$ cat data_7.pdb   # PDB, C-alpha atoms, pLDDT in the B column
ATOM      1  CA  MET A  80     139.105  80.192  24.831  1.00 78.00           C
ATOM      2  CA  ARG A  81     138.476  83.466  23.001  1.00 84.00           C
ATOM      3  CA  THR A  82     136.768  83.366  19.627  1.00 88.00           C
ATOM      4  CA  LYS A  83     135.333  85.879  17.204  1.00 92.00           C
ATOM      5  CA  VAL A  84     131.604  85.731  16.525  1.00 93.00           C
ATOM      6  CA  THR A  85     131.064  84.977  12.841  1.00 96.00           C
ATOM      7  CA  LEU A  86     127.943  84.426  10.768  1.00 96.00           C
ATOM      8  CA  GLN A  87     128.681  80.692  10.916  1.00 96.00           C
ATOM      9  CA  LEU A  88     128.820  80.755  14.726  1.00 93.00           C
ATOM     10  CA  LEU A  89     125.559  82.736  14.863  1.00 94.00           C
ATOM     11  CA  ASP A  90     123.878  80.192  12.572  1.00 96.00           C
ATOM     12  CA  GLU A  91     125.159  77.199  14.552  1.00 95.00           C
ATOM     13  CA  ALA A  92     124.274  78.824  17.879  1.00 91.00           C
ATOM     14  CA  ALA A  93     120.688  79.241  16.689  1.00 93.00           C
ATOM     15  CA  ARG A  94     120.418  75.758  15.169  1.00 97.00           C
ATOM     16  CA  PHE A  95     121.905  73.914  18.154  1.00 95.00           C
ATOM     17  CA  SER A  96     120.684  76.208  20.980  1.00 92.00           C
ATOM     18  CA  LEU A  97     124.275  76.969  21.999  1.00 87.00           C
ATOM     19  CA  ARG A  98     124.667  78.020  25.633  1.00 86.00           C
ATOM     20  CA  TYR A  99     127.918  79.492  26.874  1.00 83.00           C
ATOM     21  CA  ALA A 100     127.063  82.230  29.363  1.00 86.00           C
ATOM     22  CA  CYS A 101     127.948  81.986  33.026  1.00 87.00           C
ATOM     23  CA  ASP A 102     124.268  82.170  34.002  1.00 86.00           C
ATOM     24  CA  ASP A 103     123.654  78.925  32.066  1.00 88.00           C
ATOM     25  CA  CYS A 104     126.511  77.035  33.771  1.00 90.00           C
ATOM     26  CA  ALA A 105     126.086  74.514  36.581  1.00 93.00           C
ATOM     27  CA  HIS A 106     129.034  76.134  38.400  1.00 93.00           C
ATOM     28  CA  PHE A 107     127.395  79.580  38.528  1.00 92.00           C
ATOM     29  CA  LEU A 108     126.155  80.421  42.021  1.00 93.00           C
ATOM     30  CA  VAL A 109     123.022  82.525  41.635  1.00 91.00           C
ATOM     31  CA  SER A 110     123.060  83.558  45.296  1.00 94.00           C
ATOM     32  CA  THR A 111     126.413  85.339  44.921  1.00 93.00           C
ATOM     33  CA  ALA A 112     126.465  85.851  41.109  1.00 90.00           C
ATOM     34  CA  ARG A 113     129.907  84.214  41.065  1.00 91.00           C
ATOM     35  CA  CYS A 114     131.582  81.145  39.668  1.00 92.00           C
ATOM     36  CA  ALA A 115     132.005  78.318  42.167  1.00 94.00           C
ATOM     37  CA  HIS A 116     135.562  77.855  40.825  1.00 92.00           C
ATOM     38  CA  GLY A 117     136.450  81.529  41.252  1.00 91.00           C
ATOM     39  CA  TYR A 118     136.674  82.342  37.541  1.00 87.00           C
ATOM     40  CA  PRO A 119     135.667  85.831  36.347  1.00 84.00           C
ATOM     41  CA  THR A 120     132.041  86.036  35.228  1.00 82.00           C
ATOM     42  CA  GLY A 121     132.349  88.676  32.524  1.00 69.00           C
ATOM     43  CA  GLU A 122     130.243  86.832  29.916  1.00 62.00           C
ATOM     44  CA  ARG A 123     127.019  86.627  31.897  1.00 66.00           C
ATOM     45  CA  THR A 124     124.567  87.093  29.053  1.00 67.00           C
ATOM     46  CA  GLY A 125     123.964  84.877  26.057  1.00 65.00           C
ATOM     47  CA  GLU A 126     123.950  87.720  23.522  1.00 76.00           C
ATOM     48  CA  LEU A 127     126.049  87.016  20.449  1.00 85.00           C
ATOM     49  CA  ARG A 128     126.848  89.814  17.977  1.00 88.00           C
ATOM     50  CA  GLU A 129     128.825  89.434  14.775  1.00 92.00           C
ATOM     51  CA  GLY A 130     132.370  90.787  14.980  1.00 91.00           C
ATOM     52  CA  ARG A 131     132.475  90.658  18.782  1.00 89.00           C
ATOM     53  CA  GLU A 132     134.917  88.426  20.622  1.00 88.00           C
ATOM     54  CA  ILE A 133     133.552  86.103  23.283  1.00 85.00           C
ATOM     55  CA  GLU A 134     135.248  83.792  25.735  1.00 82.00           C
ATOM     56  CA  PHE A 135     134.241  80.177  26.243  1.00 82.00           C
ATOM     57  CA  CYS A 136     135.131  78.719  29.650  1.00 85.00           C
ATOM     58  CA  LYS A 137     136.797  75.299  29.711  1.00 83.00           C
ATOM     59  CA  GLU A 138     134.967  74.522  32.980  1.00 86.00           C
ATOM     60  CA  TRP A 139     131.494  75.343  31.580  1.00 86.00           C
ATOM     61  CA  GLU A 140     128.945  72.634  32.280  1.00 87.00           C
ATOM     62  CA  GLY A 141     125.272  72.768  31.379  1.00 83.00           C
ATOM     63  CA  ALA A 142     122.907  73.221  34.263  1.00 69.00           C
TER      64      ALA A 142
END

$ encode --input "data_7.pdb" --output "C-alpha coordinates"
Amino acid sequence: MRTKVTLQLLDEAARFSLRYACDDCAHFLVSTARCAHGYPTGERTGELREGREIEFCKEWEGA
(Lines of atoms letter the chains of each structure in order from A and count residues from 1; the text may use other names and numbers.)
(Lines give C-alpha, C1' and ligand atoms only; values in the text may rest on other atoms or scores of the structure.)
Protein backbone atom coordinates (compact mmCIF):
# COMPACT_ATOMS: atom_id res chain seq x y z
CA MET A 1 0.00 0.00 0.00
CA ARG A 2 1.51 3.32 -1.06
CA THR A 3 0.87 6.38 1.07
CA LYS A 4 2.13 9.94 1.21
CA VAL A 5 4.02 11.00 4.32
CA THR A 6 2.10 13.81 6.02
CA LEU A 7 2.69 15.75 9.21
CA GLN A 8 0.01 13.60 10.84
CA LEU A 9 1.81 10.39 9.84
CA LEU A 10 5.12 11.79 11.14
CA ASP A 11 3.49 12.68 14.47
CA GLU A 12 1.81 9.27 14.83
CA ALA A 13 4.98 7.43 13.79
CA ALA A 14 6.88 9.20 16.56
CA ARG A 15 4.17 8.74 19.20
CA PHE A 16 3.56 5.04 18.49
CA SER A 17 7.11 4.02 17.42
CA LEU A 18 5.84 3.00 13.97
CA ARG A 19 8.01 0.41 12.23
CA TYR A 20 7.50 -0.38 8.56
CA ALA A 21 10.93 -0.94 7.03
CA CYS A 22 12.01 -4.29 5.67
CA ASP A 23 14.88 -4.46 8.17
CA ASP A 24 12.33 -4.40 11.02
CA CYS A 25 10.22 -7.25 9.57
CA ALA A 26 10.30 -10.85 10.77
CA HIS A 27 10.35 -12.00 7.13
CA PHE A 28 13.55 -10.09 6.30
CA LEU A 29 16.54 -12.42 5.96
CA VAL A 30 19.59 -10.53 7.20
CA SER A 31 21.98 -13.10 5.73
CA THR A 32 20.81 -12.38 2.17
CA ALA A 33 19.24 -8.91 2.68
CA ARG A 34 16.08 -10.24 1.02
CA CYS A 35 12.47 -10.89 1.88
CA ALA A 36 11.68 -14.52 2.69
CA HIS A 37 8.54 -14.16 0.53
CA GLY A 38 10.46 -12.77 -2.45
CA TYR A 39 9.01 -9.26 -2.27
CA PRO A 40 11.20 -6.30 -3.32
CA THR A 41 13.04 -4.70 -0.40
CA GLY A 42 13.15 -1.11 -1.61
CA GLU A 43 12.06 0.47 1.70
CA ARG A 44 14.89 -0.82 3.86
CA THR A 45 15.32 2.20 6.11
CA GLY A 46 12.87 3.68 8.57
CA GLU A 47 13.40 7.29 7.45
CA LEU A 48 10.17 9.20 6.94
CA ARG A 49 10.19 12.60 5.21
CA GLU A 50 7.17 14.81 4.64
CA GLY A 51 5.90 14.79 1.06
CA ARG A 52 7.61 11.49 0.20
CA GLU A 53 5.62 8.42 -0.76
CA ILE A 54 6.33 5.19 1.08
CA GLU A 55 5.05 1.67 0.61
CA PHE A 56 3.70 -0.46 3.43
CA CYS A 57 3.90 -4.22 2.86
CA LYS A 58 0.80 -6.28 3.61
CA GLU A 59 3.04 -9.16 4.74
CA TRP A 60 5.02 -7.03 7.24
CA GLU A 61 5.28 -8.62 10.66
CA GLY A 62 7.20 -7.23 13.61
CA ALA A 63 10.35 -9.07 14.51

$ residues_around --input "data_7.pdb" --residues "region 103-107 of chain A" --least-positions-apart "3" --cutoff "7 Å" --atoms "all atoms listed in the file" --output "ChimeraX atom specification"
/A:98-100,112-115,139-142

$ atom_distance --input "data_7.pdb" --atom1 "CA of Arg131 (chain A)" --atom2 "CA of Arg94 (chain A)"
19.5 Å

$ residues_around --input "data_7.pdb" --residues "region 133-135 of chain A" --least-positions-apart "2" --cutoff "9 Å" --atoms "all atoms listed in the file" --output "NGL selection string"
:A and (80-84 or 99-100 or 121-122 or 127 or 131 or 137-139)

$ atom_distance --input "data_7.pdb" --atom1 "CA of Thr111 (chain A)" --atom2 "CA of Ala92 (chain A)"
27.9 Å

$ atom_distance --input "data_7.pdb" --atom1 "CA of Tyr118 (chain A)" --atom2 "CA of Leu89 (chain A)"
25.3 Å

$ build_atoms --input "data_7.pdb" --residues "region 98-126 of chain A" --atoms "N, CA and C atoms" --output "PDB file, in the frame of the given file"
ATOM      1  N   ARG A  98     124.621  77.292  24.362  1.00 86.00           N
ATOM      2  CA  ARG A  98     124.667  78.020  25.633  1.00 86.00           C
ATOM      3  C   ARG A  98     126.133  78.126  26.041  1.00 86.00           C
ATOM      4  N   TYR A  99     126.531  79.299  26.467  1.00 83.00           N
ATOM      5  CA  TYR A  99     127.918  79.492  26.874  1.00 83.00           C
ATOM      6  C   TYR A  99     128.045  80.444  28.054  1.00 83.00           C
ATOM      7  N   ALA A 100     126.993  81.182  28.348  1.00 86.00           N
ATOM      8  CA  ALA A 100     127.063  82.230  29.363  1.00 86.00           C
ATOM      9  C   ALA A 100     127.172  81.652  30.768  1.00 86.00           C
ATOM     10  N   CYS A 101     127.777  82.407  31.628  1.00 87.00           N
ATOM     11  CA  CYS A 101     127.948  81.986  33.026  1.00 87.00           C
ATOM     12  C   CYS A 101     126.613  81.624  33.670  1.00 87.00           C
ATOM     13  N   ASP A 102     125.580  82.421  33.393  1.00 86.00           N
ATOM     14  CA  ASP A 102     124.268  82.170  34.002  1.00 86.00           C
ATOM     15  C   ASP A 102     123.694  80.803  33.629  1.00 86.00           C
ATOM     16  N   ASP A 103     124.148  80.226  32.520  1.00 88.00           N
ATOM     17  CA  ASP A 103     123.654  78.925  32.066  1.00 88.00           C
ATOM     18  C   ASP A 103     124.516  77.767  32.572  1.00 88.00           C
ATOM     19  N   CYS A 104     125.551  78.045  33.324  1.00 90.00           N
ATOM     20  CA  CYS A 104     126.511  77.035  33.771  1.00 90.00           C
ATOM     21  C   CYS A 104     126.140  76.463  35.147  1.00 90.00           C
ATOM     22  N   ALA A 105     126.373  75.184  35.306  1.00 93.00           N
ATOM     23  CA  ALA A 105     126.086  74.514  36.581  1.00 93.00           C
ATOM     24  C   ALA A 105     126.976  75.037  37.715  1.00 93.00           C
ATOM     25  N   HIS A 106     128.110  75.639  37.379  1.00 93.00           N
ATOM     26  CA  HIS A 106     129.034  76.134  38.400  1.00 93.00           C
ATOM     27  C   HIS A 106     128.755  77.579  38.813  1.00 93.00           C
ATOM     28  N   PHE A 107     127.741  78.196  38.196  1.00 92.00           N
ATOM     29  CA  PHE A 107     127.395  79.580  38.528  1.00 92.00           C
ATOM     30  C   PHE A 107     126.497  79.593  39.753  1.00 92.00           C
ATOM     31  N   LEU A 108     126.917  80.320  40.768  1.00 93.00           N
ATOM     32  CA  LEU A 108     126.155  80.421  42.021  1.00 93.00           C
ATOM     33  C   LEU A 108     125.250  81.651  41.960  1.00 93.00           C
ATOM     34  N   VAL A 109     123.984  81.428  41.774  1.00 91.00           N
ATOM     35  CA  VAL A 109     123.022  82.525  41.635  1.00 91.00           C
ATOM     36  C   VAL A 109     123.012  83.409  42.879  1.00 91.00           C
ATOM     37  N   SER A 110     123.140  82.799  44.040  1.00 94.00           N
ATOM     38  CA  SER A 110     123.060  83.558  45.296  1.00 94.00           C
ATOM     39  C   SER A 110     124.148  84.618  45.421  1.00 94.00           C
ATOM     40  N   THR A 111     125.308  84.376  44.840  1.00 93.00           N
ATOM     41  CA  THR A 111     126.413  85.339  44.921  1.00 93.00           C
ATOM     42  C   THR A 111     126.791  85.922  43.565  1.00 93.00           C
ATOM     43  N   ALA A 112     126.152  85.434  42.485  1.00 90.00           N
ATOM     44  CA  ALA A 112     126.465  85.851  41.109  1.00 90.00           C
ATOM     45  C   ALA A 112     127.944  85.660  40.805  1.00 90.00           C
ATOM     46  N   ARG A 113     128.483  84.522  41.278  1.00 91.00           N
ATOM     47  CA  ARG A 113     129.907  84.214  41.065  1.00 91.00           C
ATOM     48  C   ARG A 113     130.065  82.769  40.622  1.00 91.00           C
ATOM     49  N   CYS A 114     131.229  82.499  40.070  1.00 92.00           N
ATOM     50  CA  CYS A 114     131.582  81.145  39.668  1.00 92.00           C
ATOM     51  C   CYS A 114     132.069  80.371  40.892  1.00 92.00           C
ATOM     52  N   ALA A 115     131.594  79.147  41.033  1.00 94.00           N
ATOM     53  CA  ALA A 115     132.005  78.318  42.167  1.00 94.00           C
ATOM     54  C   ALA A 115     133.498  78.021  42.139  1.00 94.00           C
ATOM     55  N   HIS A 116     134.127  78.117  40.958  1.00 92.00           N
ATOM     56  CA  HIS A 116     135.562  77.855  40.825  1.00 92.00           C
ATOM     57  C   HIS A 116     136.401  79.128  40.937  1.00 92.00           C
ATOM     58  N   GLY A 117     135.738  80.266  41.086  1.00 91.00           N
ATOM     59  CA  GLY A 117     136.450  81.529  41.252  1.00 91.00           C
ATOM     60  C   GLY A 117     136.834  82.212  39.954  1.00 91.00           C
ATOM     61  N   TYR A 118     136.341  81.711  38.821  1.00 87.00           N
ATOM     62  CA  TYR A 118     136.674  82.342  37.541  1.00 87.00           C
ATOM     63  C   TYR A 118     135.882  83.632  37.384  1.00 87.00           C
ATOM     64  N   PRO A 119     136.415  84.588  36.605  1.00 84.00           N
ATOM     65  CA  PRO A 119     135.667  85.831  36.347  1.00 84.00           C
ATOM     66  C   PRO A 119     134.373  85.523  35.606  1.00 84.00           C
ATOM     67  N   THR A 120     133.333  86.277  35.858  1.00 82.00           N
ATOM     68  CA  THR A 120     132.041  86.036  35.228  1.00 82.00           C
ATOM     69  C   THR A 120     131.674  87.178  34.291  1.00 82.00           C
ATOM     70  N   GLY A 121     132.578  87.565  33.450  1.00 69.00           N
ATOM     71  CA  GLY A 121     132.349  88.676  32.524  1.00 69.00           C
ATOM     72  C   GLY A 121     131.280  88.398  31.491  1.00 69.00           C
ATOM     73  N   GLU A 122     131.227  87.186  30.941  1.00 62.00           N
ATOM     74  CA  GLU A 122     130.243  86.832  29.916  1.00 62.00           C
ATOM     75  C   GLU A 122     129.012  86.250  30.595  1.00 62.00           C
ATOM     76  N   ARG A 123     128.176  87.110  31.136  1.00 66.00           N
ATOM     77  CA  ARG A 123     127.019  86.627  31.897  1.00 66.00           C
ATOM     78  C   ARG A 123     125.783  86.517  31.044  1.00 66.00           C
ATOM     79  N   THR A 124     125.755  87.171  29.898  1.00 67.00           N
ATOM     80  CA  THR A 124     124.567  87.093  29.053  1.00 67.00           C
ATOM     81  C   THR A 124     124.856  86.246  27.826  1.00 67.00           C
ATOM     82  N   GLY A 125     123.817  85.740  27.214  1.00 65.00           N
ATOM     83  CA  GLY A 125     123.964  84.877  26.057  1.00 65.00           C
ATOM     84  C   GLY A 125     123.920  85.621  24.729  1.00 65.00           C
ATOM     85  N   GLU A 126     124.055  86.941  24.751  1.00 76.00           N
ATOM     86  CA  GLU A 126     123.950  87.720  23.522  1.00 76.00           C
ATOM     87  C   GLU A 126     125.189  87.544  22.655  1.00 76.00           C
TER      88      GLU A 126
END
